[in-house]
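Novice: The structure that follows is given in the form of structure tokens.
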Number of protein chains: 2
Amino acid sequence: MRVKDLGEFPLIERLRQITSVEHADIVVGIGDDVAVMNDGSPQGYLLATVDSMVEDVHFLRDLTTPEQLGRRALAINLSDIAAMGGLAQFALVALVLPDNTDVPWIEGMYRGMQKEAARAGVAVVGGNVTSSPATFSIHITVLGRVQPEHLLLRSGARPGDRILVTGSLGSANAGLRLARATRERPGWDARLRPAERQALLEHYLTPTPRLHEATAIAKTGGATAMIDISDGLSSDLGHICEQSQVGAHIHAAHLPISDAAQQVATALVLPPEPLALTGGDDYELCFTVAPDRVDAIRVAVGQATGTPLTDIGEILPAAQGRLLTLPDGREVSLEASGWQHFRSEA
Amino acid sequence: MRVKDLGEFPLIERLRQITSVEHADIVVGIGDDVAVMNDGSPQGYLLATVDSMVEDVHFLRDLTTPEQLGRRALAINLSDIAAMGGLAQFALVALVLPDNTDVPWIEGMYRGMQKEAARAGVAVVGGNVTSSPATFSIHITVLGRVQPEHLLLRSGARPGDRILVTGSLGSANAGLRLARATRERPGWDARLRPAERQALLEHYLTPTPRLHEATAIAKTGGATAMIDISDGLSSDLGHICEQSQVGAHIHAAHLPISDAAQQVATALVLPPEPLALTGGDDYELCFTVAPDRVDAIRVAVGQATGTPLTDIGEILPAAQGRLLTLPDGREVSLEASGWQHFRSEA
């Protein structure tokens with residue numbers, strides 16, 4: 001059997017079974033984005049996460065500056081640590097480079113990475129450089145800490161919890177679609193000002209992880225589960241549902257779709273909701289919270305960061321599945337919430 | 001400028017300068033194989049290292065079983081942690097896989113990795129799986145701990161120190177040369193029994209890092225610097241010289257060249273010394289120690305592990321450079337200790 005026949009998550013489950021060990025110090029092992037270890041430090045649990053960016057899979061060299069790539073490569077890891085309620089501290093960087101890679105290009109990437117590291121108070125402490133026959137890739141490990149009482153897993157959501165997201169959704173996917181449309185149809189005009197177009201693309205290329213928002217949410221002690229939206233809301237909320245063994249109900253009409261995503265969707269003659277539901281790359285936070293704690297969290301996050309929170313639905317018992325109410329009132333499966341449902345409205 | 005024009009170590013130095021920060025918690029940052037952080041844990045300093053293995057650069061799929069590859073990929077990281085005097089605890093594994101990779105092949109690799117992890121008391125706690133357009137690669141981060149008084153860096157060697165190595169050298173490179181010769185010249189016969197041939201190849205494919213020896217050496221408190229021999233003795237001792245700002249003098253006649261390396265060298269009509277000096281991949285330890293502490297360390301390592309230590313030379317003041325006395329008494333530069341010097345004896 002080939003990897004493409006099995007799929008990523010079933011493969012990870014098989015590998016998890018091979019490496020599974022009983023270990024008193026492991027709070028969370030394989031299966032989450034971040035490993036959590038109890039090493040007796042007064043600073044709390046140790047957090048560790050690793051993410052890879054491979055050329056032509058996760059980025060296109062002609063679409064990104066090296067600075068943007070460096071920022072993004074670190075930011076996606078910082079977002080994972082933040083979504084556990086933790087603070088990132090250290091990073092290790094493994095570079096795989098074709099011999100003919102431009103040195104200034106790599107230096108630019110490191111400057112971008114260092115900018116993001118400095119912003120988050122993270123130190124790049126080590127790494128490895130190796131050559132590659134063809135493809136460039138970068139693999140960043142980030143270590144952090146979380147106080148046990150602030151640790152937020154994917155497994156804590158309970159039926160009745162409200163589902164909230166930070167900020168707005170869809171801009172990153174809108175930026176990606178805009179870039180693709182512009183490239184595939186030169187001269188095509190989305191009726192966006194150059195500054196708007198640039199802002200959208202940057203939202204995709206250099207996401208700003210919600211570090212302060214995550215800390216504020218974790219400190220309230222009111223959230224029951226949290227994840228960062230990297231693969232898309234429906235997929236990432238799906239991880240919470242799987243690991244908490246619950247269902248969920250989302251209202252498409254309540255999604256905080258960004259103005260920019262609305263504009264791009266209009267220009268591309270597409271419904272905007274899928275940009276927010278399945279687009280991914282926004283790196284907003286999705287979290288669950290008991291109904292009586294929603295207001296307190298909203299106030300805490302608002303005071304600490306000014307970032308709005310939106311209530312988009314509720315956690316259901318597992319037996320009720322994962323549901324989406326479309327803007328026209330029809331109820332569909334959240335897993336199958338692709339373009340076709342929204343298209344059929346038109 | 002391209003990476004191939006600049007070279008690996010100058011590139012790392014440039015990247016180190018870009019990411020350099022003052023940080024009270026960083027004991028050792030970029031430039032060593034392992035980062036060392038003081039995170040206030042009662043378990044000692046936190047250690048973190050990452051290493052990459054790229055198909056067709058670090059391994060050939062037709063020369064290794066997946067189990068061997070998995071063992072090796074983890075072992076080289078465990079060796080790095082041990083060479084700091086530390087104990088490895090946790091590993092994270094980033095896999096980059098072409099979609100058509102065989103699932104049983106990956107599972108075999110994980111079984112090999114798990115075997116090595118279990119042997120060393122290490123738990124695989126997380127990772128990442130991503131697709132690749134073509135090349136397979138694996139990137140392992142290992143976390144460990146070291147008591148501050150056992151920490152051994154590359155920077156502690158002092159003029160007058162003796163230079164010692166564990167075990168014997170040359171087998172791994174002999175195994176690699178044997179495999180290449182057999183492949184390039186089918187029917188070629190090194191006059192080795194199949195069991196000897198197999199043992200040599202395994203020495204290269206699945207090195208056994210000197211974990212217990214490293215611990216025993218560190219616990220004596222007598223060593224001043226240590227490194228594992230991955231790139232080859234002359235190169236790795238060179239790292240100690242650079243970071244300790246010292247010179248060194250090695251006696252080729254004192255090198256503990258393995259019997260197997262001697263045999264393969266004879267069969268290939270090559271002098272054996274370069275297999276031990278520049279071959280690499282043996283994962284023995286090279287360390288420095290004050291002359292009056294040599295006997296105590298020899299006894300401690302012998303009692304704890306039975307592994308012999310060999311005194312191969314001494315640390316010099318930096319101004320005297322890095323020297324090698326050949327078996328015929330000629331003195332040459334250690335950096336230029338390639339085949340040509342040894343060939344000219346014949």
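Every chain in the structure tokens has a letter given in the order shown (A, B, ...), and although residue numbers restart at 1 in each chain, ligands are simply numbered from 1 in the order shown.
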Hey, what's within 8 Å of Thr166 in chain B if we count only C-alpha atoms and toss same-chain stuff fewer than 5 positions away? As a VMD selection string, please?

Specialist: chain B and resid 213 284 to 286 307 to 310

Novice: Restricting the output to all heavy atoms, write the selected residues as a compact mmCIF listing (two decimals), in the first residue's frame.

Specialist:
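File part15.txt, as written:
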```
# COMPACT_ATOMS: atom_id res chain seq x y z
N GLU B 213 29.39 4.77 27.46
CA GLU B 213 30.76 5.27 27.55
C GLU B 213 30.75 6.78 27.79
O GLU B 213 31.53 7.30 28.62
CB GLU B 213 31.53 4.94 26.26
CG GLU B 213 31.83 3.47 26.05
CD GLU B 213 30.64 2.64 25.55
OE1 GLU B 213 29.55 3.22 25.32
OE2 GLU B 213 30.80 1.42 25.38
N GLU B 284 32.24 6.66 17.29
CA GLU B 284 33.03 6.57 18.52
C GLU B 284 33.13 7.98 19.11
O GLU B 284 32.74 8.96 18.47
CB GLU B 284 34.43 6.02 18.20
CG GLU B 284 34.46 4.59 17.68
CD GLU B 284 34.12 3.53 18.74
OE1 GLU B 284 33.95 3.90 19.93
OE2 GLU B 284 33.98 2.35 18.37
N LEU B 285 33.64 8.07 20.33
CA LEU B 285 33.82 9.36 20.98
C LEU B 285 35.28 9.77 20.92
O LEU B 285 36.17 8.94 21.09
CB LEU B 285 33.38 9.28 22.44
CG LEU B 285 31.91 8.93 22.67
CD1 LEU B 285 31.69 8.49 24.12
CD2 LEU B 285 31.02 10.11 22.33
N CYS B 286 35.52 11.06 20.67
CA CYS B 286 36.85 11.63 20.77
C CYS B 286 36.79 12.66 21.90
O CYS B 286 35.89 13.52 21.90
CB CYS B 286 37.24 12.29 19.45
SG CYS B 286 38.78 13.22 19.52
N THR B 307 34.69 -1.06 27.37
CA THR B 307 35.21 -0.49 26.12
C THR B 307 36.62 0.08 26.33
O THR B 307 36.82 0.88 27.26
CB THR B 307 34.28 0.63 25.61
OG1 THR B 307 32.98 0.07 25.41
CG2 THR B 307 34.79 1.24 24.32
N PRO B 308 37.57 -0.30 25.48
CA PRO B 308 38.92 0.25 25.63
C PRO B 308 39.00 1.70 25.15
O PRO B 308 38.25 2.12 24.27
CB PRO B 308 39.77 -0.65 24.74
CG PRO B 308 38.82 -1.16 23.70
CD PRO B 308 37.47 -1.27 24.36
N LEU B 309 39.92 2.45 25.72
CA LEU B 309 40.22 3.82 25.28
C LEU B 309 41.64 3.82 24.72
O LEU B 309 42.50 3.11 25.23
CB LEU B 309 40.15 4.79 26.46
CG LEU B 309 38.83 4.83 27.23
CD1 LEU B 309 38.93 5.86 28.36
CD2 LEU B 309 37.67 5.17 26.31
N THR B 310 41.88 4.62 23.70
CA THR B 310 43.22 4.72 23.13
C THR B 310 43.69 6.17 23.13
O THR B 310 42.94 7.06 22.69
CB THR B 310 43.25 4.17 21.69
OG1 THR B 310 42.71 2.85 21.69
CG2 THR B 310 44.66 4.14 21.14
```

Novice: Please report, as CSV, each residue of chain A lying at most 7 Å from chain B, together with the nearest pair of atoms and the separation in Å rounded to one decimal; use only C-alpha atoms, and order rows by chain and ascending residue number.

Specialist:
```
residue,atom,partner,partner_atom,distance
A:Met1,CA,B:Val103,CA,5.7
A:Arg2,CA,B:Asp102,CA,4.5
A:Val3,CA,B:Asp99,CA,5.3
A:Lys4,CA,B:Asp99,CA,4.9
A:Leu15,CA,B:Glu107,CA,6.6
A:Ile18,CA,B:Arg111,CA,6.3
A:Thr19,CA,B:Gln114,CA,5.6
A:Val21,CA,B:Ala123,CA,6.9
A:Gly29,CA,B:Val125,CA,4.4
A:Ile30,CA,B:Gly126,CA,4.3
A:Val34,CA,B:Gly126,CA,7.0
A:Ala35,CA,B:Gly126,CA,5.7
A:Gly40,CA,B:Ser41,CA,6.3
A:Ser41,CA,B:Ser41,CA,4.2
A:Pro42,CA,B:Ser41,CA,6.6
A:Thr49,CA,B:Gly127,CA,6.9
A:Val50,CA,B:Gly127,CA,5.9
A:Asp51,CA,B:Asn128,CA,6.0
A:Val54,CA,B:Ser132,CA,6.8
A:Val57,CA,B:Ser132,CA,6.8
A:Ala94,CA,B:Val50,CA,6.7
A:Asp99,CA,B:Lys4,CA,4.9
A:Asn100,CA,B:Arg2,CA,5.1
A:Thr101,CA,B:Arg2,CA,5.4
A:Asp102,CA,B:Arg2,CA,4.5
A:Val103,CA,B:Arg2,CA,5.4
A:Glu107,CA,B:Leu15,CA,6.6
A:Tyr110,CA,B:Ile18,CA,6.7
A:Arg111,CA,B:Ile18,CA,6.3
A:Gln114,CA,B:Thr19,CA,5.6
A:Ala123,CA,B:Val21,CA,6.8
A:Val124,CA,B:Thr19,CA,6.2
A:Val125,CA,B:Gly29,CA,4.5
A:Gly126,CA,B:Ile30,CA,4.3
A:Gly127,CA,B:Val50,CA,5.8
A:Asn128,CA,B:Asp51,CA,6.0
A:Ser132,CA,B:Val57,CA,6.8
```

Novice: Running DSSP on the backbone, which parts of range 184-239 of chain A land in strand (DSSP E), as a list in words?

Specialist: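 Here are the strand (DSSP E) residues of range 184-239 of chain A: Ala223, Thr224, Ala225, Met226, Ile227 and Asp228 of chain A.
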
Novice: For the selection you just gave me, I'd like the residues written to a file as a CSV table (one decimal), in the first residue's frame, keeping C-alpha atoms.

Specialist:
```csv
chain,number,residue,atom,x,y,z
A,223,ALA,CA,-11.9,27.4,27.5
A,224,THR,CA,-12.2,23.6,27.2
A,225,ALA,CA,-10.4,23.0,23.9
A,226,MET,CA,-8.4,25.0,21.4
A,227,ILE,CA,-6.7,24.7,18.0
A,228,ASP,CA,-5.2,27.1,15.5
```

Novice: So how far away is CA of Asp80 in chain A from CA of Ala319 in chain A, in Å?

Specialist: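 Spanning CA of Ala319 in chain A to CA of Asp80 in chain A is a straight-line distance of 29.0 Å.
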
Novice: Name the closest residue to His251 in chain B among the candidates B:Ile76, B:Leu87, B:Leu277, B:Val142; distances are taken between atoms, counting only C-alpha atoms.

Specialist: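 With only C-alpha atoms as the atom set, the closest residue is B:Leu277.
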
Novice: What separation in Å, quoted to one decimal, exists between CA of Arg162 in chain A and CA of Phe287 in chain A?

Specialist: 8.3 Å
